[in-house]
Each structure stands twice: as C-alpha cells, then as structure tokens.
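Participant: Structure in structure tokens, see below.
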Protein chains: 2
Amino acid sequence: MTLEEIAKIAGVSPATVSRVVNNNPRVSQETRDHVLSVIQEHGYTPNEAARALASSRSHIISLAIPTGMETLFSGYAKMAEGIAHICAKHGYHLMISPLPMDDLDTCMAMLNNSPAEAVVVANAQCGPEFLFRLEKEGIPFIMRGSNPPSPDMVAVGPDYVSGGYMVARYLIGHGRRNLAVIGGPDFHGGANDRMEGFRQACIISGIELPDERIYRGAFLPETGMEAIHAWASKGIDFDGLFCMSDGIAVGALEALQGHGINVPEDISVIGFDDSEIATMIRPRLTTVGHAQQEIGERIANLLIGWLETGVKPAGWAFPVHLVERESC
Amino acid sequence: MTLEEIAKIAGVSPATVSRVVNNNPRVSQETRDHVLSVIQEHGYTPNEAARALASSRSHIISLAIPTGMETLFSGYAKMAEGIAHICAKHGYHLMISPLPMDDLDTCMAMLNNSPAEAVVVANAQCGPEFLFRLEKEGIPFIMRGSNPPSPDMVAVGPDYVSGGYMVARYLIGHGRRNLAVIGGPDFHGGANDRMEGFRQACIISGIELPDERIYRGAFLPETGMEAIHAWASKGIDFDGLFCMSDGIAVGALEALQGHGINVPEDISVIGFDDSEIATMIRPRLTTVGHAQQEIGERIANLLIGWLETGVKPAGWAFPVHLVERESC
DNA sequence: ATTTATTATGAAAGCGCTTTCCAAGGAGTA
DNA sequence: TACTCCTTGGAAAGCGCTTTCATAATAAAT
C-alpha cells in the first residue's frame with residue numbers, strides 16, 4: 001500500500017493524503033475523515049524511508065554510549081526505555097550507537113553515516129570534547145547529566161548537587177562528624193556536583209572535610225576498595241562515608257569488612273544511584289535514587305520538541321531522593 | 001554533498017559512483033580509485049534515507065525487548081553491544097524497540113511503522129505467539145535463546161542443556177546427593193533446557209531428583225526466597241541447589257541465611273549467567289557464564305548474512321562455562 | 001577479418017513521499 | 001456587481017539514491 005494508491009481509492013490527490021497523514025490543517029474535516037477511513041480499511045503504513053528522504057527528517061534519535069562500558073550502559077537501560085517510550089509516542093525511533101570515545105573522528109563518522117538526526121549522549125564518562133564536536137557539527141543533542149562543559153549545551157539529569165547535600169546532611173544527622181568521600185573521575189560533572197553539594201552541607205553544618213578524606217577514581221568497586229585500603233594504610237579515620245556510586249560502595253563495603261570494620265555500627269555508608277545491587281548486598285545499601293526512566297522521558301520530549309520547533313530547550317535537573325536501608 | 005555532485009566532479013555518471021560506493025564489481029579498478037579519491041577529498045557520505053528508499057533496504061535491525069523489563073534488558077546490554085558492533089562493521093544500525101508483549105497487535109503495528117527490516121528477539125520471556133506473528137508476516141528474525149517454538153525459527157544462544165548438565169555434575173562431584181532446583185517459567189525454553197541437562201546428569205550419576213525439589217517461577221530473587229521458604233516449611237531437605245539465574249540465587253541465598261543454613265558448608269549453591277551481582281554478594285556465587293557479547297555478534301552476523309543472501313541461516317548454541325567461586 | 005562474448009560505463013526511470021505553487025470556489029466587502 | 005481574501009485541493013517537481021537496460025569498447029574465438 002502506497003500513499004498514491006490510497007489517494008486513488010479515496011478519489012483525492014496524493015498531496016491530500018499526505019496532508020491527512022501528517023495532520024496538516026489544510027484539509028477539510030470531511031475529506032480528512034474520508035481519507036482516514038480508507039487508510040484504516042486498507043491498512044496503509046507510510047514508508048519511513050520515502051518520508052525521510054522527502055522531508056529530510058529521519059525521526060531517528062541516536063543514543064550514544066561509549067563502547068566497552070556495558071555496565072554503564074546497563075545502568076542507563078531504564079533511561080533508554082523512557083526515551084524509547086516517548087519516541088514511540090511521537091513516531092520517532094531510538095537507535096543505539098556504541099561509540100569508541102577515544103577516537104572522536106571515528107565517532108563523528110559513525111554518527112554521520114547513521115540516519116539519526118539528533119543524539120542523546122548517555123555518558124558524561126567521555127570527556128567534553130565529544131560534546132564540542134557535536135556542537136560544532138550542528139547536531140542537536142542533549143546530554144544526560146548536569147554541569148555541561150558549555151552553558152549553551154542542554155543537560156538533563158538528576159540534581160546531583162542536592163544529592164550530595166542530602167547525603168552529607170543525613171550522615172551528619174546520624175551523628176557522624178568525620179566524613180569521607182569516594183568519588184568518580186575529576187572531569188565528571190556529575191561527580192563534581194555531588195561533591196559541591198556535599199561540601200556545602202559540611203560548611204553549613206560547621207564540619208571539616210579535609211582533602212585527605214576525599215578519594216576520586218572510577219565509578220567502580222575497585223575504586224572503593226583502593227580508597228579504603230589507602231586510608232587504612234595511612235591510618236586515616238572516619239565514621240561517615242559517601243560513595244558516589246553504588247558500585248563504589250560495594251567495593252568499599254567489602255574492603256571495610258576485610259579490615260574488620262562494621263557497617264553501620266562503626267561507620268555509616270551511603271551509595272548513589274539506587275541500583276539493583278543496593279538491595280542485594282549486606283548490609284542493604286542506603287543510597288540516593290533518581291527517576292531514571294522519567295529522565296529519559298524528559299530528554300526525549302525535549303529533544304523532539306527541539307526537532308519539531310527548531311528552538312533549543314532549556315536543561316533540567318530532577319530531584320533525587322534518599323533511600324534508607326541498612327548501611328547507616 | 002550528494003552522489004550526483006561527486007559524479008560530476010569525478011567526471012563519471014551517478015551510476016558509477018553508486019557502484020563504487022556499494023562495492024559493485026562492475027567498475028574498473030582505475031575508475032574506482034579515482035572516484036574513491038574524489039569522495040575522500042570532498043567528504044561525501046551517502047544519504048541513508050535515499051539509499052533505503054531506492055533499494056528498499058533500510059539496513060536497520062531492531063532489537064525487540066518487552067517493555068517494563070528493564071532488568072532483563074540490562075542483562076542483555078552486552079549482547080546489544082555485540083550486535084551493534086557487528087552492525088556498525090557492515091553498515092547496519094541497531095534500533096531498540098521496547099514492545100508491549102501483552103498486546104501483539106500493537107507490537108506488530110509498531111514494528112511495521114519502524115524502518116527496521118529485521119528483528120532480534122531478546123526475550124524468550126514473551127510467549128511464542130509473538131514469534132509466530134513475526135514468522136507469519138515474513139519478517140526475518142533471530143531469537144536469542146534456545147529451543148525455538150518451531151524448528152524452522154532460528155535461535156542463537158547459550159547451550160543451556162549442557163549448562164544444566166555441567167551444574168549437576170559439579171554439584172555431584174562435590175559430594176552432593178540431594179539436589180534441588182529453582183527454575184524459570186515453565187514456558188521458557190531456556191529454563192527447560194537447563195532442566196533437561198540437569199536431569200540427564202542426575203540419571204547418568206544414578207541420582208534421584210524428586211519433583212518436590214523442583215520449584216519453577218520467575219527469574220527473580222523473590223522466586224528464590226519463595227522456594228526456600230516453601231521447602232523449609234515442608235521440611236524438605238537438600239544439600240545441592242541449582243538456581244537457574246543469579247537473581248534467583250541471590251534470593252535463595254538470603255532466605256537460606258535467614259533459616260540459619262550456611263553456604264557452602266551445609267549446602268552448595270550454583271547460579272546461572274555470571275552476572276555482575278555474582279561477585280558482589282557473599283559468598284561469591286559459583287555460576288555458569290556464557291559469552292553474551294559473542295552471542296550478540298553471532299546473531300548480527302547471521303541476520304545480516306540472511307538479509308544479504310536471502311538464505312535463512314541455521315541456529316547456534318554457544319558453549320557455556322562454569323565459574324567457580326565460593327558458594328559450593 | 002568477422003562474429004561473439006565480456007567488460008566498463010552511462011542514460012534514465014523510478015522508489016514513495018513532501019511541499020511549493022497555483023487554481024477554483026465561496027465568503028466577505030465596498 | 002465587481003473586487004479581494006481565505007480556504008481547500010491538485011499538479012508537479014523534486015529528495016538522493018539504485019538498478020535495469022542499452023551502448024561502446026575491448027578481448028576472445030572462429
């Protein structure tokens with residue numbers, strides 16, 4: 001079934017059918033209903049390729065993720081579903097593009113070879129150069145995260161600053177005074193945001209946070225273990241620990257156990273992300289949750305709006321919430 | 001830059017450029033090199049939409065996953081990356097389509113509205129009806145898994161039968177004689193395969209496996225807990241437990257602890273999938289691993305081959321391996 | 001030298017849709 | 001009545017590529 005055939009059957013021109021299909025108002029209600037019924041009856045589905053060619057709009061959004069980071073990707077699964085959900089609703093499609101972030105030229109080539117007309121960057125893991133390249137090439141994109149490298153990039157993600165703030169206040173509320181932090185990479189905007197919020201809360205509460213009790217590394221269990229061991233060997237003491245990801249917390253918890261330290265008796269530990277593992281380890285991890293799927297939905301809505309209207313939207317920070325479990 | 005412009009610059013016809021771009025052998029090496037250099041110099045990228053329209057080949061593969069099963073989806077992340085990787089290599093693209101599996105008509109409509117020309121079904125979780133629909137509509141597809149509902153569907157996945165076999169033998173090798181199994185849904189081919197292999201090993205080893213020690217449910221921690229509690233309340237005893245997924249094992253382990261049973265001292269527990277949690281829980285879970293990414297790559301290669309040659313490939317079962325950790 | 005098989009290239013007709021431009025008719029206005 | 005304005009619908013020109021068919025050129029066979 002092609003548009004033209006439908007036109008013939010309905011006794012109208014192809015232009016009219018196209019208008020009906022695309023909700024163009026320049027058709028009388030009468031004609032519209034008639035065409036619609038013919039379409040219904042004959043089960044017509046527009047050819048996406050033809051539509052894309054004629055309108056130079058592919059209706060395809062690409063989700064860029066760094067290759068080799070399966071774990072990260074799986075963390076973004078809920079977001080992906082949120083995006084896909086909204087896409088489907090608006091007749092868009094979600095494509096996933098694992099990109100070798102260490103080779104930006106290849107990345108751009110892959111993106112250019114793809115039919116996607118916009119991209120959501122799912123990792124602040126990659127440095128900012130990638131984002132600058134996207135901007136330079138004029139590809140509409142939204143980054144999932146906060147703290148974009150340039151103020152006119154649009155970022156949508158959890159409100160990490162208040163996340164960090166919340167954690168510190170909670171720890172302090174539990175009587176902890178000697179706080180420590182194990183965080184993500186230095187260049188990671190989200191990690192820096194969490195740090196900032198955490199610091200603010202410390203200042204407000206009149207609590208010191210010496211640099212030696214801050215350890216930055218990857219968002220992985222290994223980093224957690226490293227940090228604990230490093231501190232232990234230097235005899236650095238603390239009673240409240242903020243791990244910037246649940247993965248880090250898993251490692252930290254294990255190392256702590258190894259050193260015969262009890263959680264939550266001796267020290268309180270808080271993670272971040274409220275991922276699945278949080279309920280699977282012992283003690284169950286107190287952590288900070290954010291609405292992954294909702295974020296995905298917002299990103300998709302914003303991006304689609306941008307594509308349709310041509311006006312770049314503003315970013316958005318989603319509130320986060322503390323999930324109390326057993327590690328504090 | 002369009003093909004036509006390249007043709008003009010190179011002083012050849014559009015047809016020739018097209019042939020060069022598509023590796024059509026009907027071009028002399030000389031011409032080919034020349035055109036290629038012009039393309040290189042001017043940075044030409046073919047328009048995917050036009051190509052799709054003219055050839056009615058979108059080069060897009062859809063990964064169908066059931067909506068709302070984020071956890072499952074995340075489990076398939078590595079596979080997705082494998083697929084995407086091979087796709088990229090062959091100029092294909094991977095689209096993800098969360099489908100409401102409870103409404104097959106909607107599923108098919110969504111698939112038909114998408115530009116995908118083939119699909120990989122990532123969940124044996126959905127009943128077989130979906131697969132039959134795909135077959136009826138003549139959409140090329142490969143299911144990830146084993147034991148397809150119809151013999152002429154192509155399935156690619158881990159060799160679950162030998163996985164189950166391996167587990168039983170291992171348990172028995174550890175001196176366990178009273179075996180028990182907590183498994184996935186009855187309609188799940190993969191679960192049934194594991195069961196079959198497990199049974200075979202029992203028979204060969206002359207070990208009884210009474211039905212009361214087999215509990216089937218979802219692939220979730222809850223199922224593991226239910227099973228343990230059910231058995232405990234009935235006073236059913238066992239010393240070797242096979243959980244058909246790591247998730248189930250997590251629940252079982254927890255329930256076991258709740259009943260004051262020690263693992264691995266009192267009973268040995270083996271999971272399945274070698275997912276991330278396996279190393280994060282205590283005791284670290286002995287489990288069965290399979291090459292997720294490799295499976296994805298194979299699926300993609302097979303599907304692309306099918307698309308290019310038109311001949312339906314044969315399915316494939318990947319060997320699995322036992323990962324020894326602390327729960328046995 | 002003539003015919004036949006081969007190979008390399010171009011011309012041109014679409015693929016199925018969108019969109020601009022134009023025409024016709026009806027309503028509103030002077 | 002003559003004029004302008006607005007609404008609805010059609011005609012037709014592409015969008016950028018693929019692919020069939022024809023043709024020219026070259027090689028092989030007779």
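Going by the structure tokens order, chains are called A, B, ..., each with residues numbered from 1, while ligands are numbered from 1 in the order shown.
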Could you give me, as CSV, a per-residue list for chain B showing, wherever an atom lies at most 8 Å from an atom of chain C, the closest pair of atoms and their distance in Å to one decimal, using only C-alpha atoms (C1' of nucleotides) and sorting by chain then residue number from low to high?

Facilitator:
```
residue,atom,partner,partner_atom,distance
B:Ser13,CA,C:DG10,C1',6.1
B:Ala15,CA,C:DG10,C1',7.5
B:Thr16,CA,C:DT9,C1',7.1
B:Arg26,CA,C:DA8,C1',6.9
B:Val27,CA,C:DA8,C1',6.2
B:Ser28,CA,C:DA8,C1',6.6
B:Leu53,CA,C:DC15,C1',5.3
B:Ala54,CA,C:DC15,C1',4.6
B:Ser55,CA,C:DC15,C1',7.4
B:Ser56,CA,C:DC15,C1',7.6
```

Participant: Pull out every residue of chain A sitting within 7 Å of chain B, counting only C-alpha atoms, and send them as a ChimeraX atom specification.

Facilitator: /A:45,48-50,52-53,70,73-74,77-78,81,84,94-98,113,115,250,277,280-281

Participant: Write out, as a PDB file, in the first residue's frame, the residues just selected, with N, CA and C atoms.

Facilitator:
```pdb
ATOM      1  N   THR A  45       0.475   1.941   5.825  1.00  0.00           N
ATOM      2  CA  THR A  45       1.534   2.440   6.705  1.00  0.00           C
ATOM      3  C   THR A  45       2.522   3.224   5.854  1.00  0.00           C
ATOM      4  N   GLU A  48       8.716   4.834   5.781  1.00  0.00           N
ATOM      5  CA  GLU A  48       9.584   5.742   6.541  1.00  0.00           C
ATOM      6  C   GLU A  48      10.723   6.298   5.692  1.00  0.00           C
ATOM      7  N   ALA A  49      11.256   5.461   4.845  1.00  0.00           N
ATOM      8  CA  ALA A  49      12.410   5.887   4.062  1.00  0.00           C
ATOM      9  C   ALA A  49      12.008   7.018   3.116  1.00  0.00           C
ATOM     10  N   ALA A  50      10.898   6.839   2.444  1.00  0.00           N
ATOM     11  CA  ALA A  50      10.442   7.848   1.498  1.00  0.00           C
ATOM     12  C   ALA A  50      10.153   9.146   2.233  1.00  0.00           C
ATOM     13  N   ALA A  52      11.408  10.092   5.004  1.00  0.00           N
ATOM     14  CA  ALA A  52      12.658  10.682   5.461  1.00  0.00           C
ATOM     15  C   ALA A  52      13.359  11.418   4.321  1.00  0.00           C
ATOM     16  N   LEU A  53      13.342  10.781   3.163  1.00  0.00           N
ATOM     17  CA  LEU A  53      14.024  11.392   2.024  1.00  0.00           C
ATOM     18  C   LEU A  53      13.355  12.700   1.630  1.00  0.00           C
ATOM     19  N   GLU A  70      29.774  -1.760  29.114  1.00  0.00           N
ATOM     20  CA  GLU A  70      28.487  -2.432  29.227  1.00  0.00           C
ATOM     21  C   GLU A  70      27.811  -2.114  30.558  1.00  0.00           C
ATOM     22  N   PHE A  73      26.205   1.108  30.422  1.00  0.00           N
ATOM     23  CA  PHE A  73      25.045   1.039  29.555  1.00  0.00           C
ATOM     24  C   PHE A  73      23.872   0.410  30.281  1.00  0.00           C
ATOM     25  N   SER A  74      24.139  -0.674  30.978  1.00  0.00           N
ATOM     26  CA  SER A  74      23.036  -1.342  31.652  1.00  0.00           C
ATOM     27  C   SER A  74      22.429  -0.403  32.694  1.00  0.00           C
ATOM     28  N   ALA A  77      19.763   1.584  31.159  1.00  0.00           N
ATOM     29  CA  ALA A  77      18.696   0.853  30.499  1.00  0.00           C
ATOM     30  C   ALA A  77      17.328   1.479  30.763  1.00  0.00           C
ATOM     31  N   LYS A  78      17.087   1.857  31.985  1.00  0.00           N
ATOM     32  CA  LYS A  78      15.792   2.451  32.308  1.00  0.00           C
ATOM     33  C   LYS A  78      15.603   3.749  31.545  1.00  0.00           C
ATOM     34  N   GLU A  81      14.735   3.064  28.070  1.00  0.00           N
ATOM     35  CA  GLU A  81      13.336   2.684  27.904  1.00  0.00           C
ATOM     36  C   GLU A  81      12.444   3.911  27.944  1.00  0.00           C
ATOM     37  N   ALA A  84      12.767   5.625  24.589  1.00  0.00           N
ATOM     38  CA  ALA A  84      12.101   4.856  23.550  1.00  0.00           C
ATOM     39  C   ALA A  84      10.581   4.989  23.662  1.00  0.00           C
ATOM     40  N   LEU A  94      14.391   5.006  18.349  1.00  0.00           N
ATOM     41  CA  LEU A  94      15.632   5.100  19.121  1.00  0.00           C
ATOM     42  C   LEU A  94      16.648   4.124  18.578  1.00  0.00           C
ATOM     43  N   MET A  95      17.806   4.662  18.260  1.00  0.00           N
ATOM     44  CA  MET A  95      18.867   3.831  17.719  1.00  0.00           C
ATOM     45  C   MET A  95      19.984   3.836  18.745  1.00  0.00           C
ATOM     46  N   ILE A  96      20.654   2.714  18.939  1.00  0.00           N
ATOM     47  CA  ILE A  96      21.771   2.797  19.871  1.00  0.00           C
ATOM     48  C   ILE A  96      23.092   2.730  19.132  1.00  0.00           C
ATOM     49  N   SER A  97      23.976   3.623  19.492  1.00  0.00           N
ATOM     50  CA  SER A  97      25.265   3.710  18.815  1.00  0.00           C
ATOM     51  C   SER A  97      26.402   3.652  19.827  1.00  0.00           C
ATOM     52  N   PRO A  98      26.976   2.474  19.995  1.00  0.00           N
ATOM     53  CA  PRO A  98      28.163   2.404  20.840  1.00  0.00           C
ATOM     54  C   PRO A  98      29.289   3.103  20.082  1.00  0.00           C
ATOM     55  N   ASN A 113      27.235   8.684   9.287  1.00  0.00           N
ATOM     56  CA  ASN A 113      26.760   7.594   8.450  1.00  0.00           C
ATOM     57  C   ASN A 113      25.412   7.069   8.914  1.00  0.00           C
ATOM     58  N   PRO A 115      21.468   7.333  10.174  1.00  0.00           N
ATOM     59  CA  PRO A 115      20.324   8.143   9.780  1.00  0.00           C
ATOM     60  C   PRO A 115      19.800   9.018  10.912  1.00  0.00           C
ATOM     61  N   VAL A 250      29.921  -0.922  46.928  1.00  0.00           N
ATOM     62  CA  VAL A 250      30.111  -2.364  47.031  1.00  0.00           C
ATOM     63  C   VAL A 250      31.559  -2.678  47.356  1.00  0.00           C
ATOM     64  N   ILE A 277      21.918  -3.731  42.803  1.00  0.00           N
ATOM     65  CA  ILE A 277      22.798  -4.311  43.818  1.00  0.00           C
ATOM     66  C   ILE A 277      22.512  -3.775  45.205  1.00  0.00           C
ATOM     67  N   MET A 280      20.831  -6.077  47.183  1.00  0.00           N
ATOM     68  CA  MET A 280      21.328  -7.447  47.150  1.00  0.00           C
ATOM     69  C   MET A 280      22.520  -7.664  48.050  1.00  0.00           C
ATOM     70  N   ILE A 281      23.210  -6.604  48.401  1.00  0.00           N
ATOM     71  CA  ILE A 281      24.362  -6.774  49.275  1.00  0.00           C
ATOM     72  C   ILE A 281      23.925  -6.620  50.725  1.00  0.00           C
TER      73      ILE A 281
END
```

Participant: For a quick check of understanding, using only C-alpha atoms (C1' of nucleotides), which of A:Gly258, A:Pro264, A:Pro25, A:Pro128 has the smallest distance to DT7 of chain D?

Facilitator: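 For DT7 of chain D, the nearest of the candidates is A:Pro25.
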
Participant: Got a sec to pull out which chain D residues are within 10 Å of chain A, counting only C-alpha atoms (C1' of nucleotides), and send them as a VMD selection string?

Facilitator: chain D and resid 7 to 11 14 to 17

Participant: Going by DSSP on the backbone, which bits of segment 13-153 of chain A are helix (DSSP H, G or I)? Write them as an MDAnalysis selection string, please.

Facilitator: chainID A and resid 14:21 29:42 48:55 70:75 77:89 104:113 129:136

Participant: Please identify the strand (DSSP E) residues within segment 108-262 of chain A (assignment by DSSP from backbone atoms) and present them as a ChimeraX atom specification.

Facilitator: /A:118-121,141-144,154-158,179-183,214-216,240-243

Participant: Name all residues at most 10 Å from Ser275 of chain B (count only C-alpha atoms (C1' of nucleotides); drop same-chain ones fewer than 3 positions away) and give them as a PyMOL selection string.

Facilitator: chain B and resi 75+245-247+271-272+278-280+285+287-290

Participant: Tell me which protein, DNA and RNA residues are within 12 Å of Glu129 of chain A, counting only C-alpha atoms (C1' of nucleotides), leaving out same-chain ones fewer than 6 positions away, and put them as a list in words.

Facilitator: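 Answer for this query is Met101, Asp102, Asp103, Leu104, Asp105, Cys107, Met108, Glu135, Lys136, Pro148, Pro149, Ser150 and Phe187 of chain A.
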
Participant: Convert the current residue selection to file output with C-alpha atoms, as a PDB file, in the first residue's frame.

Facilitator:
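Result saved to part_30.pdb:
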```pdb
ATOM      1  CA  MET A 101      35.067   7.639  22.559  1.00  0.00           C
ATOM      2  CA  ASP A 102      38.821   7.550  22.347  1.00  0.00           C
ATOM      3  CA  ASP A 103      38.641   8.216  18.627  1.00  0.00           C
ATOM      4  CA  LEU A 104      36.458  11.210  18.025  1.00  0.00           C
ATOM      5  CA  ASP A 105      36.897  11.242  14.263  1.00  0.00           C
ATOM      6  CA  CYS A 107      32.687   8.745  16.339  1.00  0.00           C
ATOM      7  CA  MET A 108      31.668  11.594  14.132  1.00  0.00           C
ATOM      8  CA  GLU A 135      28.012  21.248  18.750  1.00  0.00           C
ATOM      9  CA  LYS A 136      30.410  22.257  16.016  1.00  0.00           C
ATOM     10  CA  PRO A 148      27.564  20.747  30.835  1.00  0.00           C
ATOM     11  CA  PRO A 149      31.005  21.854  29.653  1.00  0.00           C
ATOM     12  CA  SER A 150      29.420  24.829  27.938  1.00  0.00           C
ATOM     13  CA  PHE A 187      36.379  15.572  34.903  1.00  0.00           C
TER      14      PHE A 187
END
```

Participant: Would you mind listing what lies within 8 Å of Gly240 of chain A as an MDAnalysis selection string, with only C-alpha atoms (C1' of nucleotides) counted and same-chain residues fewer than 3 positions away left out?

Facilitator: chainID A and resid 171 176:180 267:269

Participant: Write the residues of the selection above to a file with N, CA and C atoms, as a tab-separated table (two decimals), in the first residue's frame.

Facilitator:
```
chain	number	residue	atom	x	y	z
A	171	LEU	N	24.15	11.98	56.87
A	171	LEU	CA	25.26	11.42	57.63
A	171	LEU	C	25.43	12.20	58.93
A	176	ARG	N	27.37	11.48	62.57
A	176	ARG	CA	28.71	11.30	62.02
A	176	ARG	C	29.38	12.67	61.86
A	177	ARG	N	30.62	12.75	62.21
A	177	ARG	CA	31.32	14.03	62.14
A	177	ARG	C	32.57	13.96	61.27
A	178	ASN	N	33.13	12.77	61.20
A	178	ASN	CA	34.35	12.60	60.38
A	178	ASN	C	33.96	11.97	59.04
A	179	LEU	N	33.68	12.84	58.11
A	179	LEU	CA	33.17	12.36	56.84
A	179	LEU	C	34.28	12.07	55.82
A	180	ALA	N	33.96	11.17	54.92
A	180	ALA	CA	34.90	10.83	53.84
A	180	ALA	C	34.11	10.60	52.56
A	267	ILE	N	30.90	2.62	61.08
A	267	ILE	CA	30.77	3.75	60.16
A	267	ILE	C	29.51	3.60	59.31
A	268	SER	N	28.98	4.74	58.89
A	268	SER	CA	27.81	4.75	58.02
A	268	SER	C	28.27	4.90	56.57
A	269	VAL	N	27.62	4.17	55.69
A	269	VAL	CA	27.99	4.25	54.27
A	269	VAL	C	26.76	4.57	53.44
```
